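What's in my_file-v4.pdb: PDB, C-alpha atoms
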ATOM      1  CA  MET N 247      14.192  -6.321 -15.619  1.00  0.00           C
ATOM      2  CA  SER N 248      14.083  -6.504 -11.832  1.00  0.00           C
ATOM      3  CA  ALA N 249      11.017  -7.940 -10.127  1.00  0.00           C
ATOM      4  CA  VAL N 250       8.536  -6.654  -7.566  1.00  0.00           C
ATOM      5  CA  LEU N 251       8.028  -8.526  -4.292  1.00  0.00           C
ATOM      6  CA  LEU N 252       4.402  -8.410  -3.195  1.00  0.00           C
ATOM      7  CA  ILE N 253       3.823  -8.967   0.527  1.00  0.00           C
ATOM      8  CA  GLY N 254       0.175  -9.254   1.508  1.00  0.00           C
ATOM      9  CA  GLY N 255      -2.951 -11.323   1.963  1.00  0.00           C
ATOM     10  CA  THR N 256      -5.074 -13.265  -0.466  1.00  0.00           C
ATOM     11  CA  ASP N 257      -8.675 -12.263  -1.221  1.00  0.00           C
ATOM     12  CA  SER N 258     -10.906 -15.167  -2.238  1.00  0.00           C
ATOM     13  CA  SER N 259     -13.159 -12.812  -4.221  1.00  0.00           C
ATOM     14  CA  GLY N 260     -10.213 -11.756  -6.396  1.00  0.00           C
ATOM     15  CA  GLY N 261     -10.985  -8.074  -5.954  1.00  0.00           C
ATOM     16  CA  ALA N 262      -8.189  -6.950  -3.665  1.00  0.00           C
ATOM     17  CA  GLY N 263      -4.967  -8.085  -2.017  1.00  0.00           C
ATOM     18  CA  LEU N 264      -2.474 -10.193  -3.907  1.00  0.00           C
ATOM     19  CA  ALA N 265      -5.000 -10.999  -6.629  1.00  0.00           C
ATOM     20  CA  ARG N 266      -5.312  -7.306  -7.492  1.00  0.00           C
ATOM     21  CA  ASP N 267      -1.550  -6.797  -7.143  1.00  0.00           C
ATOM     22  CA  LEU N 268      -0.771  -9.620  -9.553  1.00  0.00           C
ATOM     23  CA  ARG N 269      -3.264  -8.365 -12.131  1.00  0.00           C
ATOM     24  CA  THR N 270      -1.700  -4.912 -11.882  1.00  0.00           C
ATOM     25  CA  LEU N 271       1.842  -6.135 -12.378  1.00  0.00           C
ATOM     26  CA  ALA N 272       0.781  -8.303 -15.298  1.00  0.00           C
ATOM     27  CA  ALA N 273      -0.855  -5.285 -16.941  1.00  0.00           C
ATOM     28  CA  LEU N 274       2.352  -3.287 -16.476  1.00  0.00           C
ATOM     29  CA  ASP N 275       4.585  -6.107 -17.775  1.00  0.00           C
ATOM     30  CA  SER N 276       6.405  -6.555 -14.464  1.00  0.00           C
ATOM     31  CA  ARG N 277       7.560  -9.793 -12.894  1.00  0.00           C
ATOM     32  CA  ALA N 278       6.055 -10.544  -9.479  1.00  0.00           C
ATOM     33  CA  LEU N 279       7.116 -12.646  -6.511  1.00  0.00           C
ATOM     34  CA  CYS N 280       4.812 -13.145  -3.530  1.00  0.00           C
ATOM     35  CA  ALA N 281       4.982 -13.565   0.222  1.00  0.00           C
ATOM     36  CA  VAL N 282       1.551 -14.497   1.611  1.00  0.00           C
ATOM     37  CA  THR N 283       0.837 -12.997   5.023  1.00  0.00           C
ATOM     38  CA  ALA N 284      -2.796 -14.067   5.430  1.00  0.00           C
ATOM     39  CA  VAL N 285      -5.612 -15.950   3.734  1.00  0.00           C
ATOM     40  CA  THR N 286      -9.024 -14.295   3.778  1.00  0.00           C
ATOM     41  CA  ALA N 287     -12.503 -15.400   2.779  1.00  0.00           C
ATOM     42  CA  GLN N 288     -14.295 -12.388   1.322  1.00  0.00           C
ATOM     43  CA  THR N 289     -17.184 -11.458  -0.894  1.00  0.00           C
ATOM     44  CA  ASP N 290     -17.618  -8.093  -2.589  1.00  0.00           C
ATOM     45  CA  CYS N 291     -19.354  -6.790   0.535  1.00  0.00           C
ATOM     46  CA  ALA N 292     -18.161  -8.826   3.531  1.00  0.00           C
ATOM     47  CA  LEU N 293     -15.078 -10.205   5.260  1.00  0.00           C
ATOM     48  CA  CYS N 294     -16.131 -13.732   6.242  1.00  0.00           C
ATOM     49  CA  ALA N 295     -12.939 -15.138   7.773  1.00  0.00           C
ATOM     50  CA  ALA N 296      -9.192 -14.555   7.929  1.00  0.00           C
ATOM     51  CA  GLU N 297      -6.198 -16.626   8.988  1.00  0.00           C
ATOM     52  CA  VAL N 298      -2.796 -15.012   9.477  1.00  0.00           C
ATOM     53  CA  MET N 299       0.281 -16.994   8.467  1.00  0.00           C
ATOM     54  CA  PRO N 300       2.980 -17.892  11.022  1.00  0.00           C
ATOM     55  CA  PRO N 301       5.565 -15.074  11.119  1.00  0.00           C
ATOM     56  CA  GLU N 302       8.424 -17.519  10.523  1.00  0.00           C
ATOM     57  CA  LEU N 303       6.774 -18.656   7.287  1.00  0.00           C
ATOM     58  CA  VAL N 304       6.249 -15.068   6.138  1.00  0.00           C
ATOM     59  CA  GLN N 305       9.869 -14.188   6.821  1.00  0.00           C
ATOM     60  CA  ALA N 306      11.048 -17.323   4.998  1.00  0.00           C
ATOM     61  CA  GLN N 307       8.989 -16.331   1.933  1.00  0.00           C
ATOM     62  CA  VAL N 308      10.555 -12.871   1.882  1.00  0.00           C
ATOM     63  CA  GLU N 309      14.060 -14.275   2.195  1.00  0.00           C
ATOM     64  CA  ALA N 310      13.381 -16.845  -0.539  1.00  0.00           C
ATOM     65  CA  ALA N 311      12.156 -14.122  -2.895  1.00  0.00           C
ATOM     66  CA  PHE N 312      15.351 -12.108  -2.476  1.00  0.00           C
ATOM     67  CA  ALA N 313      17.381 -15.287  -3.067  1.00  0.00           C
ATOM     68  CA  THR N 314      15.467 -16.014  -6.278  1.00  0.00           C
ATOM     69  CA  CYS N 315      16.150 -12.917  -8.372  1.00  0.00           C
ATOM     70  CA  THR N 316      16.890  -9.201  -8.266  1.00  0.00           C
ATOM     71  CA  ILE N 317      14.112  -7.368  -6.447  1.00  0.00           C
ATOM     72  CA  GLY N 318      13.680  -3.818  -7.704  1.00  0.00           C
ATOM     73  CA  ALA N 319      10.876  -2.791  -5.332  1.00  0.00           C
ATOM     74  CA  VAL N 320       8.661  -4.196  -2.594  1.00  0.00           C
ATOM     75  CA  LYS N 321       4.952  -3.553  -2.081  1.00  0.00           C
ATOM     76  CA  VAL N 322       3.588  -4.309   1.397  1.00  0.00           C
ATOM     77  CA  GLY N 323      -0.150  -4.667   1.968  1.00  0.00           C
ATOM     78  CA  MET N 324      -2.105  -6.651   4.567  1.00  0.00           C
ATOM     79  CA  LEU N 325       0.018  -7.885   7.477  1.00  0.00           C
ATOM     80  CA  GLY N 326      -2.600  -9.096   9.951  1.00  0.00           C
ATOM     81  CA  ASN N 327      -0.924  -8.906  13.355  1.00  0.00           C
ATOM     82  CA  ALA N 328       2.049  -7.513  15.237  1.00  0.00           C
ATOM     83  CA  ALA N 329       4.179 -10.645  14.892  1.00  0.00           C
ATOM     84  CA  VAL N 330       3.920 -10.627  11.102  1.00  0.00           C
ATOM     85  CA  VAL N 331       4.616  -6.880  10.946  1.00  0.00           C
ATOM     86  CA  GLN N 332       7.780  -7.471  12.974  1.00  0.00           C
ATOM     87  CA  ALA N 333       8.816 -10.423  10.806  1.00  0.00           C
ATOM     88  CA  VAL N 334       8.433  -8.346   7.630  1.00  0.00           C
ATOM     89  CA  ALA N 335      10.284  -5.404   9.173  1.00  0.00           C
ATOM     90  CA  ASP N 336      13.160  -7.661  10.227  1.00  0.00           C
ATOM     91  CA  ALA N 337      13.366  -9.344   6.820  1.00  0.00           C
ATOM     92  CA  LEU N 338      13.280  -6.092   4.836  1.00  0.00           C
ATOM     93  CA  ALA N 339      15.890  -4.500   7.093  1.00  0.00           C
ATOM     94  CA  GLN N 340      18.423  -6.828   5.458  1.00  0.00           C
ATOM     95  CA  HIS N 341      17.696  -5.216   2.072  1.00  0.00           C
ATOM     96  CA  GLY N 342      17.546  -1.538   2.935  1.00  0.00           C
ATOM     97  CA  ALA N 343      18.531  -0.291  -0.526  1.00  0.00           C
ATOM     98  CA  VAL N 344      15.359  -1.684  -2.129  1.00  0.00           C
ATOM     99  CA  PRO N 345      12.464   0.812  -2.172  1.00  0.00           C
ATOM    100  CA  VAL N 346       9.429  -0.270  -0.172  1.00  0.00           C
ATOM    101  CA  VAL N 347       5.894   0.961  -0.899  1.00  0.00           C
ATOM    102  CA  LEU N 348       3.802   0.480   2.246  1.00  0.00           C
ATOM    103  CA  ASP N 349       0.021   0.410   1.801  1.00  0.00           C
ATOM    104  CA  PRO N 350      -1.347   0.366   5.378  1.00  0.00           C
ATOM    105  CA  VAL N 351      -4.218  -2.110   5.078  1.00  0.00           C
ATOM    106  CA  LEU N 352      -6.151  -1.641   8.318  1.00  0.00           C
ATOM    107  CA  LEU N 353      -9.762  -2.430   7.399  1.00  0.00           C
ATOM    108  CA  SER N 354     -11.523  -4.322   4.630  1.00  0.00           C
ATOM    109  CA  THR N 355     -13.911  -2.388   2.403  1.00  0.00           C
ATOM    110  CA  SER N 356     -16.781  -3.946   4.363  1.00  0.00           C
ATOM    111  CA  GLY N 357     -15.297  -2.741   7.674  1.00  0.00           C
ATOM    112  CA  GLY N 358     -13.613  -5.911   8.979  1.00  0.00           C
ATOM    113  CA  GLU N 359     -10.387  -5.283  10.911  1.00  0.00           C
ATOM    114  CA  LEU N 360      -7.271  -6.484   9.074  1.00  0.00           C
ATOM    115  CA  LEU N 361      -4.595  -5.147  11.427  1.00  0.00           C
ATOM    116  CA  GLU N 362      -5.162  -4.902  15.158  1.00  0.00           C
ATOM    117  CA  GLU N 363      -3.950  -2.081  17.371  1.00  0.00           C
ATOM    118  CA  GLY N 364      -0.740  -3.826  18.424  1.00  0.00           C
ATOM    119  CA  GLY N 365       0.144  -4.424  14.803  1.00  0.00           C
ATOM    120  CA  ARG N 366      -0.422  -0.773  13.959  1.00  0.00           C
ATOM    121  CA  ARG N 367       1.955   0.227  16.734  1.00  0.00           C
ATOM    122  CA  VAL N 368       4.720  -2.072  15.462  1.00  0.00           C
ATOM    123  CA  LEU N 369       4.106  -0.844  11.916  1.00  0.00           C
ATOM    124  CA  MET N 370       4.622   2.763  12.992  1.00  0.00           C
ATOM    125  CA  GLU N 371       7.671   2.022  15.137  1.00  0.00           C
ATOM    126  CA  ASP N 372       9.549  -0.687  13.221  1.00  0.00           C
ATOM    127  CA  LEU N 373       8.312  -0.875   9.621  1.00  0.00           C
ATOM    128  CA  LEU N 374       7.440   2.686   8.651  1.00  0.00           C
ATOM    129  CA  PRO N 375      10.881   4.245   9.280  1.00  0.00           C
ATOM    130  CA  GLY N 376      12.831   4.175   6.048  1.00  0.00           C
ATOM    131  CA  VAL N 377      10.111   3.035   3.638  1.00  0.00           C
ATOM    132  CA  ALA N 378      10.295   4.816   0.298  1.00  0.00           C
ATOM    133  CA  LEU N 379       6.580   5.607   0.287  1.00  0.00           C
ATOM    134  CA  LEU N 380       3.571   5.291   2.595  1.00  0.00           C
ATOM    135  CA  THR N 381       0.202   5.336   0.781  1.00  0.00           C
ATOM    136  CA  PRO N 382      -2.647   5.852   3.289  1.00  0.00           C
ATOM    137  CA  ASN N 383      -6.090   7.103   2.409  1.00  0.00           C
ATOM    138  CA  ILE N 384      -7.601   9.819   4.619  1.00  0.00           C
ATOM    139  CA  PRO N 385      -9.199   7.462   7.220  1.00  0.00           C
ATOM    140  CA  GLU N 386      -6.059   5.303   7.371  1.00  0.00           C
ATOM    141  CA  ALA N 387      -3.824   8.313   8.031  1.00  0.00           C
ATOM    142  CA  ALA N 388      -6.036   9.312  10.949  1.00  0.00           C
ATOM    143  CA  ALA N 389      -6.103   5.751  12.309  1.00  0.00           C
ATOM    144  CA  LEU N 390      -2.313   5.473  12.185  1.00  0.00           C
ATOM    145  CA  LEU N 391      -1.914   8.753  14.043  1.00  0.00           C
ATOM    146  CA  GLY N 392      -4.783   8.152  16.460  1.00  0.00           C
ATOM    147  CA  CYS N 393      -6.517  11.405  15.582  1.00  0.00           C
ATOM    148  CA  ALA N 394      -9.701  12.643  13.913  1.00  0.00           C
ATOM    149  CA  VAL N 395     -10.214  12.131  10.189  1.00  0.00           C
ATOM    150  CA  ALA N 396      -9.042  15.164   8.216  1.00  0.00           C
ATOM    151  CA  ALA N 397     -11.935  17.358   7.116  1.00  0.00           C
ATOM    152  CA  SER N 398      -9.939  19.601   4.767  1.00  0.00           C
ATOM    153  CA  GLU N 399      -6.871  19.503   2.578  1.00  0.00           C
ATOM    154  CA  THR N 400      -5.042  21.616   5.156  1.00  0.00           C
ATOM    155  CA  GLN N 401      -5.714  19.038   7.867  1.00  0.00           C
ATOM    156  CA  ALA N 402      -4.769  16.204   5.506  1.00  0.00           C
ATOM    157  CA  LEU N 403      -1.458  17.899   4.763  1.00  0.00           C
ATOM    158  CA  GLU N 404      -0.779  18.285   8.484  1.00  0.00           C
ATOM    159  CA  GLN N 405      -1.314  14.549   8.947  1.00  0.00           C
ATOM    160  CA  ALA N 406       0.926  13.754   5.979  1.00  0.00           C
ATOM    161  CA  ARG N 407       3.655  15.895   7.548  1.00  0.00           C
ATOM    162  CA  GLU N 408       3.278  14.004  10.848  1.00  0.00           C
ATOM    163  CA  LEU N 409       3.595  10.650   9.059  1.00  0.00           C
ATOM    164  CA  LEU N 410       6.670  11.926   7.228  1.00  0.00           C
ATOM    165  CA  ALA N 411       8.156  12.927  10.578  1.00  0.00           C
ATOM    166  CA  ARG N 412       7.626   9.352  11.819  1.00  0.00           C
ATOM    167  CA  GLY N 413      10.265   8.145   9.350  1.00  0.00           C
ATOM    168  CA  ALA N 414       8.756   7.504   5.915  1.00  0.00           C
ATOM    169  CA  ARG N 415      10.853   9.050   3.152  1.00  0.00           C
ATOM    170  CA  ALA N 416       7.670  10.096   1.328  1.00  0.00           C
ATOM    171  CA  VAL N 417       3.918  10.007   1.959  1.00  0.00           C
ATOM    172  CA  LEU N 418       1.203   9.838  -0.690  1.00  0.00           C
ATOM    173  CA  LEU N 419      -2.011  10.784   1.105  1.00  0.00           C
ATOM    174  CA  LYS N 420      -4.812   9.660  -1.197  1.00  0.00           C
ATOM    175  CA  GLY N 421      -7.826  11.886  -1.658  1.00  0.00           C
ATOM    176  CA  GLY N 422     -10.366   9.344  -2.833  1.00  0.00           C
ATOM    177  CA  HIS N 423     -12.368   9.653   0.399  1.00  0.00           C
ATOM    178  CA  ALA N 424     -12.578  13.431   0.154  1.00  0.00           C
ATOM    179  CA  SER N 425     -15.235  15.349  -1.780  1.00  0.00           C
ATOM    180  CA  GLY N 426     -15.297  17.822  -4.630  1.00  0.00           C
ATOM    181  CA  PRO N 427     -14.896  17.613  -8.404  1.00  0.00           C
ATOM    182  CA  GLU N 428     -11.172  16.850  -8.204  1.00  0.00           C
ATOM    183  CA  SER N 429      -9.505  13.842  -6.569  1.00  0.00           C
ATOM    184  CA  VAL N 430      -6.299  15.241  -5.116  1.00  0.00           C
ATOM    185  CA  ASP N 431      -3.483  13.061  -3.775  1.00  0.00           C
ATOM    186  CA  LEU N 432      -0.815  14.835  -1.715  1.00  0.00           C
ATOM    187  CA  LEU N 433       2.750  13.617  -2.320  1.00  0.00           C
ATOM    188  CA  LEU N 434       4.981  14.923   0.448  1.00  0.00           C
ATOM    189  CA  SER N 435       8.709  14.316   0.809  1.00  0.00           C
ATOM    190  CA  ALA N 436      11.866  16.160   1.804  1.00  0.00           C
ATOM    191  CA  GLN N 437      11.755  17.703  -1.678  1.00  0.00           C
ATOM    192  CA  GLY N 438       8.445  19.389  -0.906  1.00  0.00           C
ATOM    193  CA  LEU N 439       4.790  18.944  -1.804  1.00  0.00           C
ATOM    194  CA  GLU N 440       3.278  17.854  -5.102  1.00  0.00           C
ATOM    195  CA  ARG N 441      -0.492  17.792  -5.667  1.00  0.00           C
ATOM    196  CA  LEU N 442      -1.596  15.014  -8.020  1.00  0.00           C
ATOM    197  CA  SER N 443      -5.038  16.013  -9.236  1.00  0.00           C
ATOM    198  CA  ALA N 444      -7.521  14.370 -11.577  1.00  0.00           C
ATOM    199  CA  PRO N 445     -11.275  14.704 -12.159  1.00  0.00           C
ATOM    200  CA  ARG N 446     -13.165  12.668  -9.561  1.00  0.00           C
ATOM    201  CA  ILE N 447     -14.665   9.516 -11.090  1.00  0.00           C
ATOM    202  CA  ALA N 448     -18.044   8.346  -9.832  1.00  0.00           C
ATOM    203  CA  GLY N 449     -17.230   4.638 -10.168  1.00  0.00           C
ATOM    204  CA  THR N 450     -15.885   2.468  -7.341  1.00  0.00           C
ATOM    205  CA  LEU N 451     -13.443  -0.415  -7.434  1.00  0.00           C
ATOM    206  CA  ARG N 452     -12.461  -2.845  -4.698  1.00  0.00           C
ATOM    207  CA  GLY N 453      -8.723  -3.073  -4.455  1.00  0.00           C
ATOM    208  CA  SER N 454      -8.052   0.351  -5.959  1.00  0.00           C
ATOM    209  CA  GLY N 455      -5.563   1.104  -3.169  1.00  0.00           C
ATOM    210  CA  CYS N 456      -3.815  -2.197  -3.806  1.00  0.00           C
ATOM    211  CA  ALA N 457      -3.638  -1.406  -7.518  1.00  0.00           C
ATOM    212  CA  LEU N 458      -2.199   2.056  -6.905  1.00  0.00           C
ATOM    213  CA  ALA N 459       0.532   0.890  -4.520  1.00  0.00           C
ATOM    214  CA  SER N 460       1.535  -2.100  -6.643  1.00  0.00           C
ATOM    215  CA  ALA N 461       1.613   0.057  -9.794  1.00  0.00           C
ATOM    216  CA  ILE N 462       3.900   2.544  -8.041  1.00  0.00           C
ATOM    217  CA  ALA N 463       6.177  -0.342  -7.012  1.00  0.00           C
ATOM    218  CA  ALA N 464       6.204  -1.649 -10.584  1.00  0.00           C
ATOM    219  CA  TYR N 465       7.252   1.728 -11.954  1.00  0.00           C
ATOM    220  CA  LEU N 466       9.927   2.155  -9.262  1.00  0.00           C
ATOM    221  CA  ALA N 467      11.350  -1.257 -10.185  1.00  0.00           C
ATOM    222  CA  GLN N 468      11.505  -0.040 -13.783  1.00  0.00           C
ATOM    223  CA  GLY N 469      13.595   2.945 -12.706  1.00  0.00           C
ATOM    224  CA  VAL N 470      10.867   5.613 -12.862  1.00  0.00           C
ATOM    225  CA  PRO N 471      11.382   8.453 -10.325  1.00  0.00           C
ATOM    226  CA  LEU N 472       8.955   8.501  -7.398  1.00  0.00           C
ATOM    227  CA  ALA N 473       6.806  11.495  -8.389  1.00  0.00           C
ATOM    228  CA  ALA N 474       6.411  10.226 -11.943  1.00  0.00           C
ATOM    229  CA  ALA N 475       5.674   6.708 -10.672  1.00  0.00           C
ATOM    230  CA  CYS N 476       2.883   8.065  -8.455  1.00  0.00           C
ATOM    231  CA  ALA N 477       1.390  10.093 -11.307  1.00  0.00           C
ATOM    232  CA  ARG N 478       1.479   7.153 -13.725  1.00  0.00           C
ATOM    233  CA  ALA N 479      -0.071   4.848 -11.125  1.00  0.00           C
ATOM    234  CA  LYS N 480      -2.873   7.350 -10.472  1.00  0.00           C
ATOM    235  CA  ASN N 481      -3.595   7.424 -14.209  1.00  0.00           C
ATOM    236  CA  TYR N 482      -3.632   3.623 -14.295  1.00  0.00           C
ATOM    237  CA  VAL N 483      -6.185   3.398 -11.478  1.00  0.00           C
ATOM    238  CA  GLY N 484      -8.242   6.169 -13.069  1.00  0.00           C
ATOM    239  CA  ALA N 485      -8.443   4.128 -16.261  1.00  0.00           C
ATOM    240  CA  LEU N 486      -9.651   1.103 -14.269  1.00  0.00           C
ATOM    241  CA  LEU N 487     -12.368   3.193 -12.640  1.00  0.00           C
ATOM    242  CA  LYS N 488     -13.531   4.582 -15.993  1.00  0.00           C
ATOM    243  CA  GLN N 489     -13.969   1.025 -17.276  1.00  0.00           C
ATOM    244  CA  ARG N 490     -16.607   0.473 -14.585  1.00  0.00           C
ATOM    245  CA  LEU N 491     -18.771   3.475 -15.538  1.00  0.00           C
TER     246      LEU N 491
END
What would the structure in this file look like if it were written as structure tokens?
Amino acid sequence: MSAVLLIGGTDSSGGAGLARDLRTLAALDSRALCAVTAVTAQTDCALCAAEVMPPELVQAQVEAAFATCTIGAVKVGMLGNAAVVQAVADALAQHGAVPVVLDPVLLSTSGGELLEEGGRRVLMEDLLPGVALLTPNIPEAAALLGCAVAASETQALEQARELLARGARAVLLKGGHASGPESVDLLLSAQGLERLSAPRIAGTLRGSGCALASAIAAYLAQGVPLAAACARAKNYVGALLKQRL
């Protein structure tokens, strides 16, 4: 079975980042390799400190992972700054056939900035084009596009279409920050629109976005088609949320 390369930051609390990714892949019986982009000191409610790795070291980790074994999918999370975004984009460009799931980690749950404006610009221009799937939540989609947060599903779909036009092969716009009895994720690609809906769960979970993106990558590495991988990953995260009720 091919492995999943996880590119992202560590979270000292264990709730998000690579810690959450690794727990997800273990639960789904997938092999994981890691490239650490940043080390953060966090609690459940605060970002205390963060140190971004040198871009040369990040790129070397990515190259070493591809030299180690067959990589079936890549999940990209926290990148930290423009130099690291560029290093990851350059490294992944050498392996264009491998699907990349890009989770745009811009802010910590507590509100601390995890990717500055310059990094967001490089992400949109050099990393986003060609990724298999972009997985923003509603505030992240607005931040990437520099526009107001979508206040309706119609507006959210418009933003997903704009992100698709920027070069992603598919966009999964997550509806967890919306309201209503149903949590609806919008999966948009050249094949059209698919609405992934499930009853909204009252519980919260740090790292739920990390878990979703890494689960999708795990299923893609196992050969599951994209739409089915997204649906299975949504069910996986839903089960995690139910455990916290």
**Message:** With the PyMOL selection byres ((chain N and resi 336) around 12) as the selection, what would be picked from this file? Answer as a list in words, please.
**Reply:**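 Listing what the PyMOL selection byres ((chain N and resi 336) around 12) selects in the shown file: Pro301, Glu302, Val304, Gln305, Ala306, Val308, Glu309, Ala329, Val330, Val331, Gln332, Ala333, Val334, Ala335, Ala337, Leu338, Ala339, Gln340, His341, Gly342, Val368, Leu369, Asp372, Leu373 and Leu374 of chain N.
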Create the file for the chosen residues now, containing C-alpha atoms and written as a PDB file, in the coordinates of the input.
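result05.pdb was written with the following content:
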ATOM      1  CA  PRO N 301       5.565 -15.074  11.119  1.00  0.00           C
ATOM      2  CA  GLU N 302       8.424 -17.519  10.523  1.00  0.00           C
ATOM      3  CA  VAL N 304       6.249 -15.068   6.138  1.00  0.00           C
ATOM      4  CA  GLN N 305       9.869 -14.188   6.821  1.00  0.00           C
ATOM      5  CA  ALA N 306      11.048 -17.323   4.998  1.00  0.00           C
ATOM      6  CA  VAL N 308      10.555 -12.871   1.882  1.00  0.00           C
ATOM      7  CA  GLU N 309      14.060 -14.275   2.195  1.00  0.00           C
ATOM      8  CA  ALA N 329       4.179 -10.645  14.892  1.00  0.00           C
ATOM      9  CA  VAL N 330       3.920 -10.627  11.102  1.00  0.00           C
ATOM     10  CA  VAL N 331       4.616  -6.880  10.946  1.00  0.00           C
ATOM     11  CA  GLN N 332       7.780  -7.471  12.974  1.00  0.00           C
ATOM     12  CA  ALA N 333       8.816 -10.423  10.806  1.00  0.00           C
ATOM     13  CA  VAL N 334       8.433  -8.346   7.630  1.00  0.00           C
ATOM     14  CA  ALA N 335      10.284  -5.404   9.173  1.00  0.00           C
ATOM     15  CA  ALA N 337      13.366  -9.344   6.820  1.00  0.00           C
ATOM     16  CA  LEU N 338      13.280  -6.092   4.836  1.00  0.00           C
ATOM     17  CA  ALA N 339      15.890  -4.500   7.093  1.00  0.00           C
ATOM     18  CA  GLN N 340      18.423  -6.828   5.458  1.00  0.00           C
ATOM     19  CA  HIS N 341      17.696  -5.216   2.072  1.00  0.00           C
ATOM     20  CA  GLY N 342      17.546  -1.538   2.935  1.00  0.00           C
ATOM     21  CA  VAL N 368       4.720  -2.072  15.462  1.00  0.00           C
ATOM     22  CA  LEU N 369       4.106  -0.844  11.916  1.00  0.00           C
ATOM     23  CA  ASP N 372       9.549  -0.687  13.221  1.00  0.00           C
ATOM     24  CA  LEU N 373       8.312  -0.875   9.621  1.00  0.00           C
ATOM     25  CA  LEU N 374       7.440   2.686   8.651  1.00  0.00           C
TER      26      LEU N 374
END
**Asked** So how many Å separate atom CA of N:Ala485 and atom CA of N:Arg266, to one decimal?
**Response** 14.7 Å
**Request:** Please provide as a VMD selection string all residues within 8 Å of N:Asp290, with the sequence filter that same-chain residues fewer than 4 positions apart are discarded (counting all atoms listed in the file).
**Result:** chain N and resid 259 261 452
Resulting file, chosen residues, C-alpha atoms, as a short mmCIF file (atom, residue, chain, number, x, y, z; two decimals), keeping the file's coordinate frame:
data_model
loop_
_atom_site.label_atom_id
_atom_site.label_comp_id
_atom_site.auth_asym_id
_atom_site.auth_seq_id
_atom_site.Cartn_x
_atom_site.Cartn_y
_atom_site.Cartn_z
CA SER N 259 -13.16 -12.81 -4.22
CA GLY N 261 -10.98 -8.07 -5.95
CA ARG N 452 -12.46 -2.84 -4.70
#
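The space separating atom CA of N:Leu487 from atom CA of N:Thr450 comes to 6.4 Å.
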**Proximity to N:Leu434 - best of N:Ala343, N:Leu472, N:Ala389, N:Ile462, only C-alpha atoms** =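 Result for the nearest residue to N:Leu434: N:Leu472.
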**Request:** Could you list the residues chosen by the PyMOL selection byres ((chain N and resi 315) around 12) in this structure as a PyMOL selection string?
**Result:** chain N and resi 247-251+277-279+308-314+316-319
**Asked** Got a sec: who's within 7 Å of N:Pro350, counting all atoms listed in the file, leaving out chain neighbours fewer than 3 positions off, as a VMD selection string?
**Response** chain N and resid 323 381 to 382
**Item:** Of the listed residues N:Ala457, N:Leu419, N:Ala272, N:Val395, that which approaches N:Arg478 most closely, counting all atoms listed in the file
**Value:** N:Ala457
**Asked** Evaluating the PyMOL selection byres ((chain N and resi 488) around 12) on the displayed file yields which residues, as a PyMOL selection string?
**Response** chain N and resi 445-451+481-487+489-491
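Closest approach to N:Leu360 among N:Val298, N:Ala402, N:Leu380, N:Leu390 is made by N:Val298 (distances from all atoms listed in the file).
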**Message:** I'd like the interatomic distance between atom CA of N:Asp257 and atom CA of N:Cys456, to a tenth of an Å.
**Reply:** 11.5 Å
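Distance check against N:Thr256 using all atoms listed in the file: of N:Ala287, N:Val320, N:Leu303, N:Ala378, the minimum falls on N:Ala287.
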**Request:** Rank nothing, just name the residue among N:Pro300, N:Gly255, N:Gly438, N:Gly365 nearest to N:Leu418, using all atoms listed in the file.
**Result:** N:Gly438
**Prompt:** Using only C-alpha atoms, can you list as a VMD selection string the residues within 12 Å of (-12.1, -4.5, 6.1)?
**Reply:** chain N and resid 257 262 to 263 286 to 296 324 326 350 to 362 386 452 to 453
Residue subset to file, keeping C-alpha atoms, as a short mmCIF file (atom, residue, chain, number, x, y, z; two decimals), keeping the file's coordinate frame:
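Ended up saving to selection_11.cif:
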data_model
loop_
_atom_site.label_atom_id
_atom_site.label_comp_id
_atom_site.auth_asym_id
_atom_site.auth_seq_id
_atom_site.Cartn_x
_atom_site.Cartn_y
_atom_site.Cartn_z
CA ASP N 257 -8.68 -12.26 -1.22
CA ALA N 262 -8.19 -6.95 -3.66
CA GLY N 263 -4.97 -8.09 -2.02
CA THR N 286 -9.02 -14.30 3.78
CA ALA N 287 -12.50 -15.40 2.78
CA GLN N 288 -14.30 -12.39 1.32
CA THR N 289 -17.18 -11.46 -0.89
CA ASP N 290 -17.62 -8.09 -2.59
CA CYS N 291 -19.35 -6.79 0.54
CA ALA N 292 -18.16 -8.83 3.53
CA LEU N 293 -15.08 -10.20 5.26
CA CYS N 294 -16.13 -13.73 6.24
CA ALA N 295 -12.94 -15.14 7.77
CA ALA N 296 -9.19 -14.56 7.93
CA MET N 324 -2.10 -6.65 4.57
CA GLY N 326 -2.60 -9.10 9.95
CA PRO N 350 -1.35 0.37 5.38
CA VAL N 351 -4.22 -2.11 5.08
CA LEU N 352 -6.15 -1.64 8.32
CA LEU N 353 -9.76 -2.43 7.40
CA SER N 354 -11.52 -4.32 4.63
CA THR N 355 -13.91 -2.39 2.40
CA SER N 356 -16.78 -3.95 4.36
CA GLY N 357 -15.30 -2.74 7.67
CA GLY N 358 -13.61 -5.91 8.98
CA GLU N 359 -10.39 -5.28 10.91
CA LEU N 360 -7.27 -6.48 9.07
CA LEU N 361 -4.60 -5.15 11.43
CA GLU N 362 -5.16 -4.90 15.16
CA GLU N 386 -6.06 5.30 7.37
CA ARG N 452 -12.46 -2.84 -4.70
CA GLY N 453 -8.72 -3.07 -4.46
#
